[in-house]
file entry-v7.cif (mmCIF, C-alpha atoms)
data_start
loop_
_atom_site.label_atom_id
_atom_site.label_comp_id
_atom_site.auth_asym_id
_atom_site.auth_seq_id
_atom_site.Cartn_x
_atom_site.Cartn_y
_atom_site.Cartn_z
CA MET A 1 -12.07 -11.80 -34.10
CA ALA A 2 -13.88 -13.86 -31.50
CA ASN A 3 -17.24 -15.62 -31.82
CA LEU A 4 -19.53 -14.37 -29.03
CA ASN A 5 -22.12 -17.14 -29.56
CA GLY A 6 -25.18 -14.90 -29.64
CA PHE A 7 -24.32 -12.82 -26.57
CA ASN A 8 -27.20 -10.47 -25.68
CA ALA A 9 -26.33 -7.47 -23.45
CA HIS A 10 -30.06 -7.07 -22.65
CA GLU A 11 -29.84 -10.29 -20.61
CA VAL A 12 -26.77 -9.37 -18.52
CA GLU A 13 -26.29 -6.56 -16.01
CA PRO A 14 -23.37 -4.33 -17.01
CA SER A 15 -20.21 -4.29 -14.94
CA THR A 16 -19.61 -1.28 -12.76
CA GLU A 17 -16.35 0.32 -11.75
CA PHE A 18 -14.90 -1.23 -8.61
CA GLU A 19 -13.48 0.93 -5.87
CA PRO A 20 -10.58 -0.57 -3.91
CA LEU A 21 -11.60 -2.65 -0.90
CA PRO A 22 -11.56 -0.75 2.40
CA ALA A 23 -8.49 -1.50 4.51
CA GLY A 24 -9.19 -4.39 6.87
CA LYS A 25 -9.09 -8.13 7.36
CA TYR A 26 -11.04 -10.41 5.05
CA LEU A 27 -11.68 -14.14 4.89
CA ALA A 28 -10.44 -15.25 1.48
CA ALA A 29 -9.08 -18.21 -0.47
CA ILE A 30 -6.54 -18.54 -3.25
CA THR A 31 -8.51 -19.44 -6.36
CA GLU A 32 -5.80 -19.12 -9.03
CA SER A 33 -2.03 -19.14 -9.20
CA GLU A 34 0.32 -18.61 -12.09
CA GLN A 35 4.08 -18.27 -12.59
CA LYS A 36 4.76 -15.22 -14.80
CA PRO A 37 7.94 -13.66 -16.16
CA THR A 38 9.02 -10.27 -14.81
CA LYS A 39 8.86 -7.27 -17.16
CA SER A 40 12.65 -7.24 -17.44
CA GLY A 41 12.69 -10.96 -18.28
CA ASP A 42 15.41 -11.74 -15.73
CA GLY A 43 13.11 -13.52 -13.26
CA SER A 44 9.59 -14.65 -12.54
CA TYR A 45 6.93 -14.17 -9.93
CA LEU A 46 4.09 -16.23 -8.59
CA GLN A 47 0.79 -14.37 -8.98
CA LEU A 48 -1.88 -15.47 -6.51
CA THR A 49 -5.55 -14.54 -6.89
CA PHE A 50 -7.45 -14.30 -3.61
CA GLN A 51 -11.26 -14.25 -3.62
CA ILE A 52 -13.16 -12.73 -0.67
CA LEU A 53 -15.45 -15.39 0.83
CA GLU A 54 -17.78 -13.44 3.16
CA GLY A 55 -19.32 -10.09 3.88
CA PRO A 56 -20.36 -7.20 1.66
CA HIS A 57 -17.32 -7.67 -0.61
CA LYS A 58 -17.89 -11.40 -1.18
CA GLY A 59 -16.64 -12.43 -4.61
CA ARG A 60 -14.17 -9.55 -5.00
CA GLN A 61 -10.60 -10.43 -5.87
CA VAL A 62 -7.21 -9.23 -4.63
CA TRP A 63 -3.81 -10.24 -6.00
CA ALA A 64 -0.38 -10.89 -4.54
CA ARG A 65 2.86 -11.18 -6.51
CA LEU A 66 5.71 -13.14 -4.98
CA ASN A 67 9.12 -12.56 -6.61
CA LEU A 68 10.43 -16.07 -5.98
CA HIS A 69 12.96 -15.97 -8.86
CA ASN A 70 14.61 -12.55 -9.02
CA PRO A 71 18.18 -11.20 -9.30
CA SER A 72 17.53 -9.24 -6.09
CA PRO A 73 18.18 -11.46 -3.05
CA THR A 74 16.09 -9.05 -0.95
CA ALA A 75 13.07 -9.45 -3.25
CA VAL A 76 13.40 -13.24 -3.08
CA GLN A 77 13.75 -13.17 0.72
CA ILE A 78 10.60 -11.04 1.07
CA ALA A 79 8.66 -13.33 -1.31
CA ARG A 80 9.78 -16.49 0.49
CA GLY A 81 8.75 -14.98 3.84
CA GLU A 82 5.34 -14.08 2.41
CA LEU A 83 4.92 -17.59 0.97
CA SER A 84 5.87 -19.03 4.38
CA ALA A 85 3.19 -16.88 6.04
CA ILE A 86 0.59 -18.10 3.51
CA CYS A 87 1.60 -21.75 4.00
CA ARG A 88 1.40 -21.45 7.79
CA ALA A 89 -1.97 -19.68 7.63
CA VAL A 90 -3.57 -22.39 5.48
CA GLY A 91 -1.77 -25.29 7.19
CA VAL A 92 0.18 -26.56 4.16
CA MET A 93 3.82 -26.45 5.23
CA THR A 94 5.44 -28.18 2.22
CA PRO A 95 3.40 -27.50 -0.94
CA ARG A 96 4.69 -29.26 -4.06
CA ASP A 97 2.72 -26.97 -6.34
CA SER A 98 0.92 -23.67 -5.85
CA VAL A 99 -2.38 -25.48 -6.48
CA ASP A 100 -1.87 -27.15 -3.07
CA LEU A 101 -2.71 -23.73 -1.57
CA HIS A 102 -5.97 -23.26 -3.51
CA ASN A 103 -9.44 -23.10 -1.94
CA LEU A 104 -8.24 -23.04 1.67
CA PRO A 105 -9.62 -20.30 3.93
CA ILE A 106 -7.13 -17.64 5.00
CA LEU A 107 -7.47 -14.28 6.71
CA ILE A 108 -5.78 -11.54 4.66
CA SER A 109 -4.93 -8.01 5.81
CA VAL A 110 -5.67 -5.60 2.98
CA LYS A 111 -4.35 -2.03 2.76
CA GLN A 112 -4.88 0.73 0.22
CA LYS A 113 -1.95 2.43 -1.50
CA LYS A 114 -1.48 4.93 -4.31
CA ARG A 115 -0.23 3.60 -7.62
CA GLU A 116 3.01 5.18 -8.78
CA ASP A 117 1.95 5.38 -12.44
CA ASN A 118 -1.38 7.20 -12.09
CA GLY A 119 -1.89 8.05 -8.40
CA GLU A 120 -5.12 6.01 -8.12
CA LEU A 121 -5.78 3.91 -5.03
CA THR A 122 -5.26 0.17 -5.27
CA ASN A 123 -5.25 -2.74 -2.83
CA GLU A 124 -2.23 -4.52 -1.45
CA ILE A 125 -2.16 -7.57 0.81
CA LYS A 126 0.01 -6.82 3.84
CA GLY A 127 -0.45 -9.93 5.96
CA TYR A 128 -1.79 -13.47 6.27
CA GLU A 129 -3.28 -15.28 9.27
CA PRO A 130 -5.19 -18.51 9.94
CA LYS A 131 -8.93 -18.02 9.52
CA THR A 132 -9.54 -18.34 13.26
CA ALA A 133 -7.28 -15.38 14.09
CA ALA A 134 -9.83 -12.55 14.17
CA PRO A 135 -13.49 -11.83 14.93
CA ALA A 136 -15.93 -10.22 12.48
CA VAL A 137 -14.38 -11.95 9.48
CA GLY A 138 -15.23 -10.58 6.05
CA GLN A 139 -15.59 -6.98 7.17
CA PRO A 140 -12.98 -4.29 7.67
CA GLN A 141 -11.82 -4.28 11.27
CA GLN A 142 -12.54 -1.13 13.26
CA ALA A 143 -9.90 0.38 15.52
CA PRO A 144 -10.73 -0.17 19.17
CA THR A 145 -12.24 2.77 20.96
CA THR A 146 -10.19 4.30 23.74
CA SER A 147 -13.03 6.15 25.40
CA ASN A 148 -13.53 5.95 29.17
CA THR A 149 -17.29 5.97 28.61
CA PRO A 150 -18.87 2.56 29.39
CA PRO A 151 -20.14 0.72 26.29
CA TRP A 152 -23.80 0.99 27.38
CA LYS A 153 -23.55 4.81 27.46
CA ARG A 154 -21.93 5.25 24.03
#
call {"tool": "encode", "arguments": {"input": "entry-v7.cif", "output": "structure tokens"}}
result
Amino acid sequence: MANLNGFNAHEVEPSTEFEPLPAGKYLAAITESEQKPTKSGDGSYLQLTFQILEGPHKGRQVWARLNLHNPSPTAVQIARGELSAICRAVGVMTPRDSVDLHNLPILISVKQKKREDNGELTNEIKGYEPKTAAPAVGQPQQAPTTSNTPPWKR
């Protein structure tokens, strides 16, 4: 059992179900990091929690898992490349600890994908850039229009 110290649900708005973030680029920061063992127990991954900093999805969280210690050399190579991209985007080239990457603005590219276990949509981070890399930060990026109509006539 856990003591809830007089919690009163009348005083707190209930949580609602979150839909996955729309695909796009978002200004975010790593707010938490933790080394966790893999399900099989033969390795570990670094779980990074990114919090969206601007726009209509401010405060939402997205996670990345980097398989830095894994029997698969390919998994480790992918994770090290992703960590390198994160380090370059936040300007910390030789972090001693994952906390060195916390609370630094970074532009993340978020995609949606179907989960294999239940078919529901979930988010996945597909890229990292310095915060100055894109306009309209904090909102999904729209594909450019290829119309020949001048902008003032659209």
call {"tool": "resolve_selection", "arguments": {"input": "entry-v7.cif", "expression": "the PyMOL selection byres ((chain A and resi 34) around 7)", "output": "JSON list (two decimals) with C-alpha atoms, in the coordinates of the input"}}
result
[["chain", "number", "residue", "atom", "x", "y", "z"],
["A", 32, "GLU", "CA", -5.80, -19.12, -9.03],
["A", 33, "SER", "CA", -2.03, -19.14, -9.20],
["A", 35, "GLN", "CA", 4.08, -18.27, -12.59],
["A", 36, "LYS", "CA", 4.76, -15.22, -14.80],
["A", 46, "LEU", "CA", 4.09, -16.23, -8.59],
["A", 47, "GLN", "CA", 0.79, -14.37, -8.98],
["A", 48, "LEU", "CA", -1.88, -15.47, -6.51]]
call {"tool": "resolve_selection", "arguments": {"input": "entry-v7.cif", "expression": "the PyMOL selection byres ((chain A and resi 119-129) around 6)", "output": "MDAnalysis selection string"}}
result
chainID A and resid 20 86 89 107:116 118 130
call {"tool": "write_last_selection", "arguments": {"input": "entry-v7.cif", "atoms": "C-alpha atoms", "output": "short mmCIF file (atom, residue, chain, number, x, y, z; two decimals), in the frame of the given file"}}
result
data_model
loop_
_atom_site.label_atom_id
_atom_site.label_comp_id
_atom_site.auth_asym_id
_atom_site.auth_seq_id
_atom_site.Cartn_x
_atom_site.Cartn_y
_atom_site.Cartn_z
CA PRO A 20 -10.58 -0.57 -3.91
CA ILE A 86 0.59 -18.10 3.51
CA ALA A 89 -1.97 -19.68 7.63
CA LEU A 107 -7.47 -14.28 6.71
CA ILE A 108 -5.78 -11.54 4.66
CA SER A 109 -4.93 -8.01 5.81
CA VAL A 110 -5.67 -5.60 2.98
CA LYS A 111 -4.35 -2.03 2.76
CA GLN A 112 -4.88 0.73 0.22
CA LYS A 113 -1.95 2.43 -1.50
CA LYS A 114 -1.48 4.93 -4.31
CA ARG A 115 -0.23 3.60 -7.62
CA GLU A 116 3.01 5.18 -8.78
CA ASN A 118 -1.38 7.20 -12.09
CA PRO A 130 -5.19 -18.51 9.94
#
call {"tool": "atom_distance", "arguments": {"input": "entry-v7.cif", "atom1": "CA of Leu101 in chain A", "atom2": "CA of Lys39 in chain A"}}
result
25.5 Å
call {"tool": "resolve_selection", "arguments": {"input": "entry-v7.cif", "expression": "the PyMOL selection byres ((chain A and resi 45) around 8)", "output": "number ranges by chain"}}
result
A: 35-38, 43-44, 46-47, 65-70
call {"tool": "atom_distance", "arguments": {"input": "entry-v7.cif", "atom1": "CA of Ala23 in chain A", "atom2": "CA of Pro95 in chain A"}}
result
29.1 Å
call {"tool": "atom_distance", "arguments": {"input": "entry-v7.cif", "atom1": "CA of Val12 in chain A", "atom2": "CA of Ala29 in chain A"}}
result
26.8 Å
call {"tool": "residues_near_point", "arguments": {"input": "entry-v7.cif", "point": "(-16.8, -6.8, -1.5)", "cutoff": "12 Å", "atoms": "all atoms listed in the file", "output": "list of chain:residue names"}}
result
A:Phe18, A:Glu19, A:Pro20, A:Leu21, A:Pro22, A:Ala23, A:Gly24, A:Lys25, A:Tyr26, A:Leu27, A:Ala28, A:Gln51, A:Ile52, A:Leu53, A:Glu54, A:Gly55, A:Pro56, A:His57, A:Lys58, A:Gly59, A:Arg60, A:Gln61, A:Val62, A:Gly138, A:Gln139, A:Pro140
call {"tool": "residues_near_point", "arguments": {"input": "entry-v7.cif", "point": "(-9.8, -22.6, -0.2)", "cutoff": "8 Å", "atoms": "all atoms listed in the file", "output": "compact mmCIF listing (two decimals) with C-alpha atoms, in the coordinates of the input"}}
result
# COMPACT_ATOMS: atom_id res chain seq x y z
CA ALA A 28 -10.44 -15.25 1.48
CA ALA A 29 -9.08 -18.21 -0.47
CA ILE A 30 -6.54 -18.54 -3.25
CA THR A 31 -8.51 -19.44 -6.36
CA LEU A 101 -2.71 -23.73 -1.57
CA HIS A 102 -5.97 -23.26 -3.51
CA ASN A 103 -9.44 -23.10 -1.94
CA LEU A 104 -8.24 -23.04 1.67
CA PRO A 105 -9.62 -20.30 3.93
CA ILE A 106 -7.13 -17.64 5.00
